[in-house]
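One file, upload.pdb, is given below (PDB, C-alpha atoms and all ligand atoms).
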ATOM      1  CA  MET M   1       4.184  -7.468   2.536
ATOM      2  CA  VAL M   2       2.255  -5.344   4.944
ATOM      3  CA  ASN M   3      -1.117  -6.596   6.059
ATOM      4  CA  LEU M   4      -3.026  -3.432   5.230
ATOM      5  CA  GLU M   5      -6.250  -4.724   6.775
ATOM      6  CA  SER M   6      -4.505  -5.164  10.075
ATOM      7  CA  ALA M   7      -2.772  -1.792   9.770
ATOM      8  CA  ARG M   8      -6.100  -0.168   8.976
ATOM      9  CA  ALA M   9      -7.639  -1.702  12.094
ATOM     10  CA  LYS M  10      -4.782  -0.384  14.244
ATOM     11  CA  LEU M  11      -5.116   3.046  12.681
ATOM     12  CA  ALA M  12      -8.877   3.054  13.230
ATOM     13  CA  ALA M  13      -8.291   2.725  16.976
ATOM     14  CA  VAL M  14      -6.116   5.828  17.370
ATOM     15  CA  PRO M  15      -8.048   8.428  19.395
ATOM     16  CA  ASP M  16      -7.997  12.136  18.718
ATOM     17  CA  PRO M  17      -5.713  13.728  21.339
ATOM     18  CA  GLU M  18      -8.131  16.604  21.953
ATOM     19  CA  ILE M  19     -11.369  14.621  22.018
ATOM     20  CA  PRO M  20     -10.402  11.052  23.030
ATOM     21  CA  ALA M  21     -14.032   9.927  22.625
ATOM     22  CA  VAL M  22     -13.557   9.924  18.861
ATOM     23  CA  THR M  23     -10.855   8.432  16.674
ATOM     24  CA  LEU M  24      -8.860  10.096  13.914
ATOM     25  CA  VAL M  25     -10.799   7.997  11.410
ATOM     26  CA  ASP M  26     -14.121   9.159  12.942
ATOM     27  CA  LEU M  27     -13.058  12.760  12.404
ATOM     28  CA  GLY M  28     -12.085  12.143   8.803
ATOM     29  CA  ILE M  29      -8.479  13.176   9.439
ATOM     30  CA  VAL M  30      -7.045   9.968   7.934
ATOM     31  CA  ARG M  31      -7.190  10.293   4.170
ATOM     32  CA  ASP M  32      -5.149   7.301   3.045
ATOM     33  CA  LEU M  33      -3.055   4.364   4.159
ATOM     34  CA  ARG M  34      -0.740   2.661   1.701
ATOM     35  CA  GLU M  35       2.159   0.300   1.579
ATOM     36  CA  THR M  36       5.658   1.586   0.901
ATOM     37  CA  ALA M  37       8.910  -0.263   0.183
ATOM     38  CA  SER M  38       9.819  -0.310   3.875
ATOM     39  CA  GLY M  39       6.513   0.010   5.692
ATOM     40  CA  VAL M  40       3.444   2.196   5.404
ATOM     41  CA  GLU M  41       2.523   5.745   4.550
ATOM     42  CA  VAL M  42      -0.389   7.505   6.216
ATOM     43  CA  VAL M  43      -1.876  10.612   4.682
ATOM     44  CA  LEU M  44      -3.459  12.956   7.207
ATOM     45  CA  THR M  45      -5.331  16.201   6.762
ATOM     46  CA  PRO M  46      -5.073  18.177  10.015
ATOM     47  CA  THR M  47      -8.338  19.602  11.302
ATOM     48  CA  TYR M  48      -7.357  23.220  11.767
ATOM     49  CA  SER M  49      -4.275  24.782  10.307
ATOM     50  CA  GLY M  50      -1.893  25.556  13.105
ATOM     51  CA  CYS M  51      -3.666  23.110  15.377
ATOM     52  CA  PRO M  52      -1.064  22.258  18.048
ATOM     53  CA  ALA M  53      -2.357  18.691  18.136
ATOM     54  CA  THR M  54      -1.079  17.928  14.637
ATOM     55  CA  GLU M  55       2.395  16.858  15.741
ATOM     56  CA  LEU M  56       0.860  14.810  18.563
ATOM     57  CA  ILE M  57      -1.439  13.101  16.081
ATOM     58  CA  ALA M  58       1.485  12.212  13.803
ATOM     59  CA  ASP M  59       3.368  10.724  16.787
ATOM     60  CA  ASP M  60       0.346   8.668  17.830
ATOM     61  CA  VAL M  61      -0.030   7.321  14.299
ATOM     62  CA  ARG M  62       3.667   6.395  14.134
ATOM     63  CA  ALA M  63       3.431   4.589  17.475
ATOM     64  CA  ALA M  64       0.248   2.715  16.523
ATOM     65  CA  LEU M  65       1.735   1.428  13.266
ATOM     66  CA  ALA M  66       5.345   0.834  14.375
ATOM     67  CA  GLU M  67       5.015  -2.942  13.955
ATOM     68  CA  PHE M  68       4.444  -2.492  10.212
ATOM     69  CA  GLY M  69       7.887  -1.024   9.529
ATOM     70  CA  ASP M  70       8.790   2.552   8.715
ATOM     71  CA  VAL M  71       5.817   4.846   9.129
ATOM     72  CA  THR M  72       5.759   7.876   6.891
ATOM     73  CA  VAL M  73       3.231  10.519   7.865
ATOM     74  CA  THR M  74       2.329  12.847   5.037
ATOM     75  CA  LEU M  75       0.294  15.959   5.768
ATOM     76  CA  GLN M  76      -2.077  16.872   3.006
ATOM     77  CA  ARG M  77      -3.488  20.349   3.536
ATOM     78  CA  ALA M  78      -5.479  20.714   0.350
ATOM     79  CA  PRO M  79      -8.352  20.279   0.167
ATOM     80  CA  ALA M  80      -8.700  21.631   3.704
ATOM     81  CA  TRP M  81     -10.369  19.462   6.298
ATOM     82  CA  SER M  82     -14.041  20.089   6.765
ATOM     83  CA  THR M  83     -16.409  19.053   9.531
ATOM     84  CA  ASP M  84     -18.407  17.485   6.681
ATOM     85  CA  TRP M  85     -15.793  14.687   6.792
ATOM     86  CA  ILE M  86     -16.765  13.603  10.303
ATOM     87  CA  THR M  87     -18.335  10.171   9.903
ATOM     88  CA  PRO M  88     -21.892   9.388  11.082
ATOM     89  CA  GLU M  89     -20.357   7.203  13.783
ATOM     90  CA  GLY M  90     -18.084  10.068  14.809
ATOM     91  CA  ARG M  91     -21.068  12.408  15.091
ATOM     92  CA  GLN M  92     -22.859   9.930  17.354
ATOM     93  CA  LYS M  93     -19.809   9.576  19.582
ATOM     94  CA  LEU M  94     -19.406  13.354  19.872
ATOM     95  CA  GLN M  95     -23.052  13.770  20.832
ATOM     96  CA  HIS M  96     -22.737  11.014  23.413
ATOM     97  CA  TYR M  97     -19.622  12.674  24.802
ATOM     98  CA  GLY M  98     -21.532  15.945  25.263
ATOM     99  CA  ILE M  99     -20.250  17.854  22.249
ATOM    100  CA  VAL M 100     -22.926  18.688  19.722
ATOM    101  CA  PRO M 101     -21.627  17.728  16.271
ATOM    102  CA  PRO M 102     -21.845  20.219  13.396
ATOM    103  CA  GLN M 103     -25.491  20.703  12.412
ATOM    104  CA  CYS M 104     -24.974  22.048   8.928
ATOM    105  CA  SER M 105     -22.364  22.496   6.267
ATOM    106  CA  ALA M 106     -19.666  25.104   6.682
ATOM    107  CA  GLU M 107     -21.226  27.189   3.943
ATOM    108  CA  GLN M 108     -24.592  27.402   5.696
ATOM    109  CA  ALA M 109     -22.926  28.200   9.014
ATOM    110  CA  ILE M 110     -21.813  31.582   7.713
ATOM    111  CA  ARG M 111     -25.444  32.670   7.400
ATOM    112  CA  VAL M 112     -27.298  30.765  10.098
ATOM    113  CA  VAL M 113     -26.862  30.624  13.875
ATOM    114  CA  PRO M 114     -27.723  27.012  14.681
ATOM    115  CA  LYS M 115     -30.611  25.975  16.902
ATOM    116  CA  LEU M 116     -29.022  23.382  19.133
ATOM    117  CA  ARG M 117     -30.543  20.780  21.403
ATOM    118  CA  CYS M 118     -28.832  20.056  24.706
ATOM    119  CA  PRO M 119     -26.735  16.860  24.445
ATOM    120  CA  ARG M 120     -27.529  16.042  28.096
ATOM    121  CA  CYS M 121     -31.277  16.574  28.515
ATOM    122  CA  ASP M 122     -32.291  17.103  24.874
ATOM    123  CA  GLY M 123     -33.803  20.449  25.868
ATOM    124  CA  GLY M 124     -34.465  22.812  22.994
ATOM    125  CA  ARG M 125     -33.784  26.091  24.795
ATOM    126  CA  THR M 126     -30.062  26.787  24.529
ATOM    127  CA  GLU M 127     -27.917  29.880  24.218
ATOM    128  CA  GLN M 128     -24.432  30.563  22.965
ATOM    129  CA  LEU M 129     -22.138  31.846  25.714
ATOM    130  CA  SER M 130     -18.986  32.293  23.732
ATOM    131  CA  ARG M 131     -17.962  31.816  20.139
ATOM    132  CA  PHE M 132     -14.853  30.006  21.332
ATOM    133  CA  GLY M 133     -14.752  26.992  23.623
ATOM    134  CA  SER M 134     -11.823  25.058  25.053
ATOM    135  CA  THR M 135     -10.338  25.138  21.544
ATOM    136  CA  ALA M 136     -10.954  27.431  18.592
ATOM    137  CA  CYS M 137     -12.909  24.730  16.814
ATOM    138  CA  LYS M 138     -15.697  24.693  19.377
ATOM    139  CA  SER M 139     -18.075  27.266  20.809
ATOM    140  CA  THR M 140     -19.479  27.228  24.326
ATOM    141  CA  TRP M 141     -23.219  26.947  24.887
ATOM    142  CA  ARG M 142     -25.525  26.592  27.845
ATOM    143  CA  CYS M 143     -28.785  24.714  28.183
ATOM    144  CA  ILE M 144     -31.425  26.947  29.760
ATOM    145  CA  GLU M 145     -33.485  23.916  30.780
ATOM    146  CA  CYS M 146     -30.910  21.905  32.755
ATOM    147  CA  GLY M 147     -28.386  24.700  33.250
ATOM    148  CA  GLU M 148     -25.464  22.633  31.965
ATOM    149  CA  PRO M 149     -22.873  24.142  29.652
ATOM    150  CA  PHE M 150     -21.901  22.178  26.560
ATOM    151  CA  GLU M 151     -19.736  22.596  23.507
ATOM    152  CA  TYR M 152     -20.616  22.809  19.863
ATOM    153  CA  PHE M 153     -18.234  21.599  17.187
ATOM    154  CA  LYS M 154     -18.427  24.461  14.700
ATOM    155  CA  PRO M 155     -18.777  23.594  11.026
ATOM    156  CA  ILE M 156     -15.824  24.602   8.869
TER     157      ILE M 156
HETATM  158 ZN    ZN W   1     -29.982  20.419  29.103
END

Rewrite the structure of this file - the entire thing - as structure tokens.
Amino acid sequence: MVNLESARAKLAAVPDPEIPAVTLVDLGIVRDLRETASGVEVVLTPTYSGCPATELIADDVRAALAEFGDVTVTLQRAPAWSTDWITPEGRQKLQHYGIVPPQCSAEQAIRVVPKLRCPRCDGGRTEQLSRFGSTACKSTWRCIECGEPFEYFKPI
């Protein structure tokens, strides 16, 4: 018998390799955790297809749950991950870390350029510098009021 509560707690502590301020659970990447005959199975939906962090994430999950027996990591790619799955707690942590969380649904993002507030000084005058940030999932912005650059987690 696997103590699923305890396994869930261990899993909830695994940070995202790209943004260590948030966990995999915060990002909504972990879809399921269940007991198997010899251990546990974790179902993950990777954030972006072809994201190089996916293999790293699977390794981290295996390491975190090793005490519960064999760890099977299953990648579930449909439905595709959406920034809508980021938890309210995850959004708060991102903001605190200096990355503005998605401000709308992916569908709205196609039509609207967001009005962002600076995560550092809360200034309302910001401009987009580049559609791509340190990774394809973020864009780079600058606050005109405090001059600091920041990143925006684009809705998908
Ligand atoms: Zn600012």

Neighbours of ligand ZN 1 (chain W) within 8 Å, counting only C-alpha atoms and all ligand atoms, as a PDB file with C-alpha atoms, in the coordinates of the input?
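Contents of the output file selection33.pdb:
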ATOM      1  CA  ARG M 117     -30.543  20.780  21.403  1.00  0.00           C
ATOM      2  CA  CYS M 118     -28.832  20.056  24.706  1.00  0.00           C
ATOM      3  CA  PRO M 119     -26.735  16.860  24.445  1.00  0.00           C
ATOM      4  CA  ARG M 120     -27.529  16.042  28.096  1.00  0.00           C
ATOM      5  CA  CYS M 121     -31.277  16.574  28.515  1.00  0.00           C
ATOM      6  CA  ASP M 122     -32.291  17.103  24.874  1.00  0.00           C
ATOM      7  CA  GLY M 123     -33.803  20.449  25.868  1.00  0.00           C
ATOM      8  CA  GLY M 124     -34.465  22.812  22.994  1.00  0.00           C
ATOM      9  CA  THR M 126     -30.062  26.787  24.529  1.00  0.00           C
ATOM     10  CA  ARG M 142     -25.525  26.592  27.845  1.00  0.00           C
ATOM     11  CA  CYS M 143     -28.785  24.714  28.183  1.00  0.00           C
ATOM     12  CA  ILE M 144     -31.425  26.947  29.760  1.00  0.00           C
ATOM     13  CA  GLU M 145     -33.485  23.916  30.780  1.00  0.00           C
ATOM     14  CA  CYS M 146     -30.910  21.905  32.755  1.00  0.00           C
ATOM     15  CA  GLY M 147     -28.386  24.700  33.250  1.00  0.00           C
ATOM     16  CA  GLU M 148     -25.464  22.633  31.965  1.00  0.00           C
TER      17      GLU M 148
END

Within-12 Å shell of (-21.4, 11.8, 26.4) in input frame, all atoms listed in the file, as JSON, numbers by chain: {"M": [19, 20, 21, 22, 91, 92, 93, 94, 95, 96, 97, 98, 99, 100, 101, 118, 119, 120, 121, 150, 151]}

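Among M:Ala58, M:Val2, M:Ala136, M:Leu116, the residue with the shortest atom-to-atom distance to Val14 (chain M), counting all atoms listed in the file, is M:Ala58.
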
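Between CA of Val73 (chain M) and CA of Pro155 (chain M) the separation is 25.8 Å.
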
Residue with smallest distance to Leu129 (chain M) - pool M:Val30, M:Pro149, M:Trp141, M:Leu24, counting all atoms listed in the file: M:Trp141

Which residue of M:Ala37, M:Ala7, M:Ile86, M:Leu27 approaches Arg62 (chain M) most closely, using all atoms listed in the file: M:Ala7

Given only C-alpha atoms as the counted atoms, nearest of M:Lys138, M:Lys154, M:Arg77, M:Arg8 to Val61 (chain M):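 Smallest separation from Val61 (chain M) among the options: M:Arg8.
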
For CA of Leu65 (chain M) and CA of Leu11 (chain M), the interatomic separation in Å (one decimal): 7.1 Å

Atom pair CA of Asp26 (chain M) / CA of Gln108 (chain M): separation (Å):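 Taking CA of Asp26 (chain M) as the start and CA of Gln108 (chain M) as the end point, the length is 22.2 Å.
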
Which residue of M:Ala53, M:Val113, M:Cys104, M:Leu75 approaches Thr135 (chain M) most closely, using all atoms listed in the file: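 Counting all atoms listed in the file, the residue closest to Thr135 (chain M) is M:Ala53.
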
Top pick for closest residue to Pro114 (chain M), considering M:Pro79, M:Asp84, M:Arg31, M:Tyr152 and counting only C-alpha atoms: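 Distance minimum relative to Pro114 (chain M) lands on M:Tyr152.
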
Selection result of the PyMOL selection byres (((chain M and resi 48) around 10) and not hetatm) on this file, as a ChimeraX atom specification: /M:45-47,49-54,77,80-82,136-137,156
